[in-house]
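What follows is my_file10.cif (mmCIF, C-alpha atoms, pLDDT in the B column; chains and numbers go by the auth columns).
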```
data_run
loop_
_atom_site.group_PDB
_atom_site.id
_atom_site.type_symbol
_atom_site.label_atom_id
_atom_site.label_comp_id
_atom_site.label_asym_id
_atom_site.label_seq_id
_atom_site.Cartn_x
_atom_site.Cartn_y
_atom_site.Cartn_z
_atom_site.B_iso_or_equiv
_atom_site.auth_seq_id
_atom_site.auth_asym_id
ATOM 1 C CA GLN A 1 255.932 103.296 32.868 87.00 1 A
ATOM 2 C CA VAL A 2 257.072 103.590 36.457 94.00 2 A
ATOM 3 C CA GLN A 3 260.653 104.686 37.045 97.00 3 A
ATOM 4 C CA LEU A 4 262.773 104.470 40.168 98.00 4 A
ATOM 5 C CA LEU A 5 265.669 106.765 41.018 98.00 5 A
ATOM 6 C CA GLU A 6 267.963 106.107 43.960 98.00 6 A
ATOM 7 C CA SER A 7 270.158 108.646 45.716 98.00 7 A
ATOM 8 C CA GLY A 8 272.017 109.088 48.975 98.00 8 A
ATOM 9 C CA GLY A 9 274.914 106.710 48.521 97.00 9 A
ATOM 10 C CA GLY A 10 278.482 107.675 49.289 97.00 10 A
ATOM 11 C CA SER A 11 281.633 106.821 51.190 98.00 11 A
ATOM 12 C CA VAL A 12 281.573 106.591 54.967 98.00 12 A
ATOM 13 C CA GLN A 13 283.747 105.229 57.739 98.00 13 A
ATOM 14 C CA PRO A 14 282.720 102.153 59.710 98.00 14 A
ATOM 15 C CA GLY A 15 280.079 103.094 62.260 98.00 15 A
ATOM 16 C CA GLY A 16 278.730 105.839 60.036 98.00 16 A
ATOM 17 C CA THR A 17 275.193 106.487 58.811 98.00 17 A
ATOM 18 C CA LEU A 18 273.610 106.960 55.412 98.00 18 A
ATOM 19 C CA ARG A 19 270.035 107.402 54.271 98.00 19 A
ATOM 20 C CA LEU A 20 269.127 106.186 50.809 98.00 20 A
ATOM 21 C CA SER A 21 266.111 107.525 48.943 98.00 21 A
ATOM 22 C CA CYS A 22 264.206 106.058 46.016 98.00 22 A
ATOM 23 C CA VAL A 23 261.845 108.392 44.212 98.00 23 A
ATOM 24 C CA VAL A 24 259.039 106.854 42.173 97.00 24 A
ATOM 25 C CA SER A 25 257.896 108.627 39.013 96.00 25 A
ATOM 26 C CA GLY A 26 255.324 107.796 36.375 95.00 26 A
ATOM 27 C CA ASP A 27 252.841 106.453 38.918 94.00 27 A
ATOM 28 C CA SER A 28 251.976 106.628 42.605 93.00 28 A
ATOM 29 C CA SER A 29 254.221 104.644 44.935 94.00 29 A
ATOM 30 C CA SER A 30 251.047 103.537 46.724 93.00 30 A
ATOM 31 C CA ASN A 31 250.397 101.240 43.758 93.00 31 A
ATOM 32 C CA TYR A 32 253.579 99.264 44.420 95.00 32 A
ATOM 33 C CA CYS A 33 255.228 97.000 46.925 95.00 33 A
ATOM 34 C CA MET A 34 258.874 97.950 47.255 96.00 34 A
ATOM 35 C CA GLY A 35 262.190 96.804 48.605 96.00 35 A
ATOM 36 C CA TRP A 36 265.926 97.419 48.750 97.00 36 A
ATOM 37 C CA PHE A 37 268.592 95.132 47.350 97.00 37 A
ATOM 38 C CA ARG A 38 272.353 95.284 47.226 97.00 38 A
ATOM 39 C CA GLN A 39 274.991 93.697 45.055 96.00 39 A
ATOM 40 C CA ILE A 40 278.746 93.338 45.087 91.00 40 A
ATOM 41 C CA PRO A 41 280.722 92.342 41.990 84.00 41 A
ATOM 42 C CA GLY A 42 280.602 88.612 41.371 88.00 42 A
ATOM 43 C CA ALA A 43 277.691 88.012 43.724 92.00 43 A
ATOM 44 C CA GLU A 44 273.944 87.749 43.299 93.00 44 A
ATOM 45 C CA ARG A 45 271.699 90.653 44.160 94.00 45 A
ATOM 46 C CA GLU A 46 270.671 90.258 47.801 94.00 46 A
ATOM 47 C CA GLY A 47 267.383 91.375 49.317 95.00 47 A
ATOM 48 C CA VAL A 48 268.227 93.723 52.182 96.00 48 A
ATOM 49 C CA ALA A 49 264.828 95.050 53.235 96.00 49 A
ATOM 50 C CA ALA A 50 261.237 94.855 52.051 94.00 50 A
ATOM 51 C CA GLY A 51 257.898 96.182 53.222 89.00 51 A
ATOM 52 C CA SER A 52 257.695 99.053 55.668 84.00 52 A
ATOM 53 C CA GLY A 53 256.701 99.804 59.228 81.00 53 A
ATOM 54 C CA GLY A 54 255.538 96.768 61.165 85.00 54 A
ATOM 55 C CA ASN A 55 255.470 94.765 57.946 88.00 55 A
ATOM 56 C CA ALA A 56 259.168 95.224 57.219 93.00 56 A
ATOM 57 C CA ARG A 57 261.556 92.301 56.903 94.00 57 A
ATOM 58 C CA TYR A 58 265.341 92.455 56.829 95.00 58 A
ATOM 59 C CA ALA A 59 268.291 90.327 55.933 95.00 59 A
ATOM 60 C CA ASP A 60 269.866 88.890 59.079 95.00 60 A
ATOM 61 C CA SER A 61 273.076 90.798 58.386 95.00 61 A
ATOM 62 C CA VAL A 62 271.355 94.189 58.696 97.00 62 A
ATOM 63 C CA LYS A 63 268.720 93.567 61.375 96.00 63 A
ATOM 64 C CA GLY A 64 268.826 96.199 64.094 96.00 64 A
ATOM 65 C CA ARG A 65 270.938 98.544 61.950 98.00 65 A
ATOM 66 C CA PHE A 66 268.835 99.282 58.851 98.00 66 A
ATOM 67 C CA LYS A 67 265.303 100.633 58.706 97.00 67 A
ATOM 68 C CA VAL A 68 263.085 100.821 55.620 96.00 68 A
ATOM 69 C CA SER A 69 260.251 103.326 55.409 95.00 69 A
ATOM 70 C CA LYS A 70 257.874 104.545 52.732 95.00 70 A
ATOM 71 C CA ASP A 71 256.244 107.924 52.292 95.00 71 A
ATOM 72 C CA ASN A 72 253.524 107.669 49.683 94.00 72 A
ATOM 73 C CA THR A 73 252.811 111.400 49.869 96.00 73 A
ATOM 74 C CA ALA A 74 256.376 111.973 48.691 96.00 74 A
ATOM 75 C CA ASN A 75 256.385 108.957 46.358 97.00 75 A
ATOM 76 C CA THR A 76 259.593 107.887 48.070 97.00 76 A
ATOM 77 C CA LEU A 77 261.069 104.786 49.687 97.00 77 A
ATOM 78 C CA TYR A 78 263.871 105.238 52.221 97.00 78 A
ATOM 79 C CA LEU A 79 266.558 103.074 53.752 98.00 79 A
ATOM 80 C CA ARG A 80 268.275 104.393 56.835 98.00 80 A
ATOM 81 C CA MET A 81 271.528 102.586 57.485 98.00 81 A
ATOM 82 C CA ASN A 82 273.168 102.947 60.886 98.00 82 A
ATOM 83 C CA ASN A 83 276.408 101.516 62.239 98.00 83 A
ATOM 84 C CA LEU A 84 277.642 100.731 58.767 98.00 84 A
ATOM 85 C CA LYS A 85 280.226 97.992 58.337 97.00 85 A
ATOM 86 C CA PRO A 86 282.727 97.332 55.526 96.00 86 A
ATOM 87 C CA GLU A 87 280.664 94.311 54.482 95.00 87 A
ATOM 88 C CA ASP A 88 277.747 96.660 53.736 96.00 88 A
ATOM 89 C CA THR A 89 279.716 97.990 50.768 96.00 89 A
ATOM 90 C CA GLY A 90 277.946 97.504 47.453 97.00 90 A
ATOM 91 C CA THR A 91 275.537 98.954 44.954 98.00 91 A
ATOM 92 C CA TYR A 92 272.102 99.446 46.441 98.00 92 A
ATOM 93 C CA TYR A 93 269.024 99.102 44.275 98.00 93 A
ATOM 94 C CA CYS A 94 265.414 100.045 44.805 97.00 94 A
ATOM 95 C CA ALA A 95 262.830 97.632 43.383 97.00 95 A
ATOM 96 C CA ALA A 96 259.069 97.633 42.922 96.00 96 A
ATOM 97 C CA ARG A 97 256.268 95.258 41.975 95.00 97 A
ATOM 98 C CA SER A 98 252.620 96.014 41.408 93.00 98 A
ATOM 99 C CA LEU A 99 250.370 95.940 44.463 92.00 99 A
ATOM 100 C CA PRO A 100 248.334 92.716 44.479 92.00 100 A
ATOM 101 C CA ALA A 101 244.542 92.858 44.196 90.00 101 A
ATOM 102 C CA ASP A 102 244.133 92.184 47.928 88.00 102 A
ATOM 103 C CA GLY A 103 246.227 95.250 48.746 85.00 103 A
ATOM 104 C CA TRP A 104 248.700 93.255 50.847 87.00 104 A
ATOM 105 C CA CYS A 105 252.403 93.768 50.350 89.00 105 A
ATOM 106 C CA ALA A 106 254.127 90.620 51.476 87.00 106 A
ATOM 107 C CA PRO A 107 257.678 91.705 52.399 86.00 107 A
ATOM 108 C CA LEU A 108 259.402 89.652 49.715 87.00 108 A
ATOM 109 C CA ARG A 109 263.187 89.752 49.458 86.00 109 A
ATOM 110 C CA SER A 110 263.670 87.637 46.351 89.00 110 A
ATOM 111 C CA ARG A 111 264.794 89.643 43.344 89.00 111 A
ATOM 112 C CA THR A 112 262.680 87.519 41.012 90.00 112 A
ATOM 113 C CA GLU A 113 259.519 88.923 42.610 91.00 113 A
ATOM 114 C CA TYR A 114 260.192 92.479 41.435 95.00 114 A
ATOM 115 C CA ASP A 115 259.517 93.948 38.014 95.00 115 A
ATOM 116 C CA TYR A 116 260.955 97.449 38.219 97.00 116 A
ATOM 117 C CA TRP A 117 264.451 98.499 39.204 97.00 117 A
ATOM 118 C CA GLY A 118 266.421 101.669 39.682 97.00 118 A
ATOM 119 C CA GLN A 119 269.946 102.244 38.420 97.00 119 A
ATOM 120 C CA GLY A 120 271.511 101.821 41.826 97.00 120 A
ATOM 121 C CA THR A 121 273.560 103.958 44.179 98.00 121 A
ATOM 122 C CA GLN A 122 277.021 103.044 45.460 98.00 122 A
ATOM 123 C CA VAL A 123 277.732 102.672 49.160 98.00 123 A
ATOM 124 C CA THR A 124 281.331 102.290 50.296 97.00 124 A
ATOM 125 C CA VAL A 125 282.230 101.688 53.927 97.00 125 A
ATOM 126 C CA SER A 126 285.938 101.949 54.584 96.00 126 A
ATOM 127 C CA SER A 127 288.381 103.426 57.046 95.00 127 A
#
```
Could you spell out this file's structure in structure tokens?
Amino acid sequence: QVQLLESGGGSVQPGGTLRLSCVVSGDSSSNYCMGWFRQIPGAEREGVAAGSGGNARYADSVKGRFKVSKDNTANTLYLRMNNLKPEDTGTYYCAARSLPADGWCAPLRSRTEYDYWGQGTQVTVSS
């Protein structure tokens, strides 16, 4: 059974930078399509970024500030977050779904498309 473990969250001031990591265990990350989601209390889990490299897609609110990348040799998915804003505050989750037979990871940002989830890491942006 694949497991996902996020790390890298914390408290930063507006304009700051964080890099989140999601380590995959129990299988190779190359067998999965992955993404990042975030959630604030009382709201639905929002797809922040999916895919990687030229295939990446982002929520409009984070475009130009966040970058998702994947290192299959390290079995790790990353999310670099620059110029953080208070509205970026929330719990960030890593998610995975099995790679389709055609080997193409459509950069899906709907939470219903993903089967595996990490426990989340808290990001707080405040002055």
Residue among A:Lys63, A:Gln122, A:Gly53, A:Thr17 lying closest to Leu84 of chain A, counting all atoms listed in the file: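 Under the stated criterion, the closest residue is A:Thr17.
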Atomic distance atom CA of Val24 of chain A - atom CA of Ser52 of chain A, expressed in Å with one decimal: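 Atom CA of Val24 of chain A sits 15.6 Å away from atom CA of Ser52 of chain A.
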Write out as CSV the residues of segment 35-86 of chain A that have any atom within 8 Å of an atom of segment 105-111 of chain A, one row each with the nearest atom pair and its distance in Å to one decimal, counting all atoms listed in the file, sorted by chain and then rising number.
```
residue,atom,partner,partner_atom,distance
A:Gly35,CA,A:Arg109,CA,7.2
A:Phe37,CA,A:Arg111,CA,7.8
A:Arg45,CA,A:Arg111,CA,7.0
A:Glu46,CA,A:Arg111,CA,7.4
A:Gly47,CA,A:Arg109,CA,4.5
A:Val48,CA,A:Arg109,CA,7.0
A:Ala49,CA,A:Arg109,CA,6.7
A:Ala50,CA,A:Pro107,CA,4.8
A:Gly51,CA,A:Pro107,CA,4.6
A:Asn55,CA,A:Pro107,CA,6.7
A:Ala56,CA,A:Pro107,CA,6.2
A:Arg57,CA,A:Pro107,CA,6.0
```
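Using all atoms listed in the file, the nearest neighbour of Ala96 of chain A within the list A:Glu6, A:Asp115, A:Asp27, A:Asp71 is A:Asp115.
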For Met34 of chain A, the nearest of the candidates A:Thr73, A:Ser11, A:Thr124, A:Ser98, counting only C-alpha atoms: A:Ser98
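One distance worth recording is that between atom CA of Trp117 of chain A and atom CA of Ala101 of chain A, which is 21.3 Å.
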Selected residue of minimal separation from Ser69 of chain A among A:Gln119, A:Leu20, A:Gln39, A:Gly10, counting only C-alpha atoms: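 Going through A:Gln119, A:Leu20, A:Gln39, A:Gly10 one by one, the smallest distance to Ser69 of chain A is for A:Leu20.
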Residues matched by the PyMOL selection byres ((chain A and resi 123) around 10) as an NGL selection string: :A and (8-12 or 18 or 20 or 38 or 84 or 86 or 88-92 or 120-122 or 124-126)
Pull C-alpha atoms from the residues just selected and write them as a PDB file, in the coordinates of the input.
```
ATOM      1  CA  GLY A   8     272.017 109.088  48.975  1.00 98.00           C
ATOM      2  CA  GLY A   9     274.914 106.710  48.521  1.00 97.00           C
ATOM      3  CA  GLY A  10     278.482 107.675  49.289  1.00 97.00           C
ATOM      4  CA  SER A  11     281.633 106.821  51.190  1.00 98.00           C
ATOM      5  CA  VAL A  12     281.573 106.591  54.967  1.00 98.00           C
ATOM      6  CA  LEU A  18     273.610 106.960  55.412  1.00 98.00           C
ATOM      7  CA  LEU A  20     269.127 106.186  50.809  1.00 98.00           C
ATOM      8  CA  ARG A  38     272.353  95.284  47.226  1.00 97.00           C
ATOM      9  CA  LEU A  84     277.642 100.731  58.767  1.00 98.00           C
ATOM     10  CA  PRO A  86     282.727  97.332  55.526  1.00 96.00           C
ATOM     11  CA  ASP A  88     277.747  96.660  53.736  1.00 96.00           C
ATOM     12  CA  THR A  89     279.716  97.990  50.768  1.00 96.00           C
ATOM     13  CA  GLY A  90     277.946  97.504  47.453  1.00 97.00           C
ATOM     14  CA  THR A  91     275.537  98.954  44.954  1.00 98.00           C
ATOM     15  CA  TYR A  92     272.102  99.446  46.441  1.00 98.00           C
ATOM     16  CA  GLY A 120     271.511 101.821  41.826  1.00 97.00           C
ATOM     17  CA  THR A 121     273.560 103.958  44.179  1.00 98.00           C
ATOM     18  CA  GLN A 122     277.021 103.044  45.460  1.00 98.00           C
ATOM     19  CA  THR A 124     281.331 102.290  50.296  1.00 97.00           C
ATOM     20  CA  VAL A 125     282.230 101.688  53.927  1.00 97.00           C
ATOM     21  CA  SER A 126     285.938 101.949  54.584  1.00 96.00           C
TER      22      SER A 126
END
```
Pick from A:Lys67, A:Gly54, A:Glu44, A:Tyr116 nearest to Gly26 of chain A, counting all atoms listed in the file: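 Using all atoms listed in the file, the shortest distance to Gly26 of chain A belongs to A:Tyr116.
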Test item: the PyMOL selection byres ((chain A and resi 32) around 8) resolved as an NGL selection string: :A and (28-31 or 33-34 or 96-99)
Residue with smallest distance to Arg80 of chain A - pool A:Gln1, A:Thr112, A:Gln13, A:Ser21, counting all atoms listed in the file: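 Under the stated criterion, the closest residue is A:Ser21.
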Hits of the PyMOL selection byres ((chain A and resi 23) around 8) in this structure, as a VMD selection string: chain A and resid 4 to 6 21 to 22 24 to 25 74 to 77
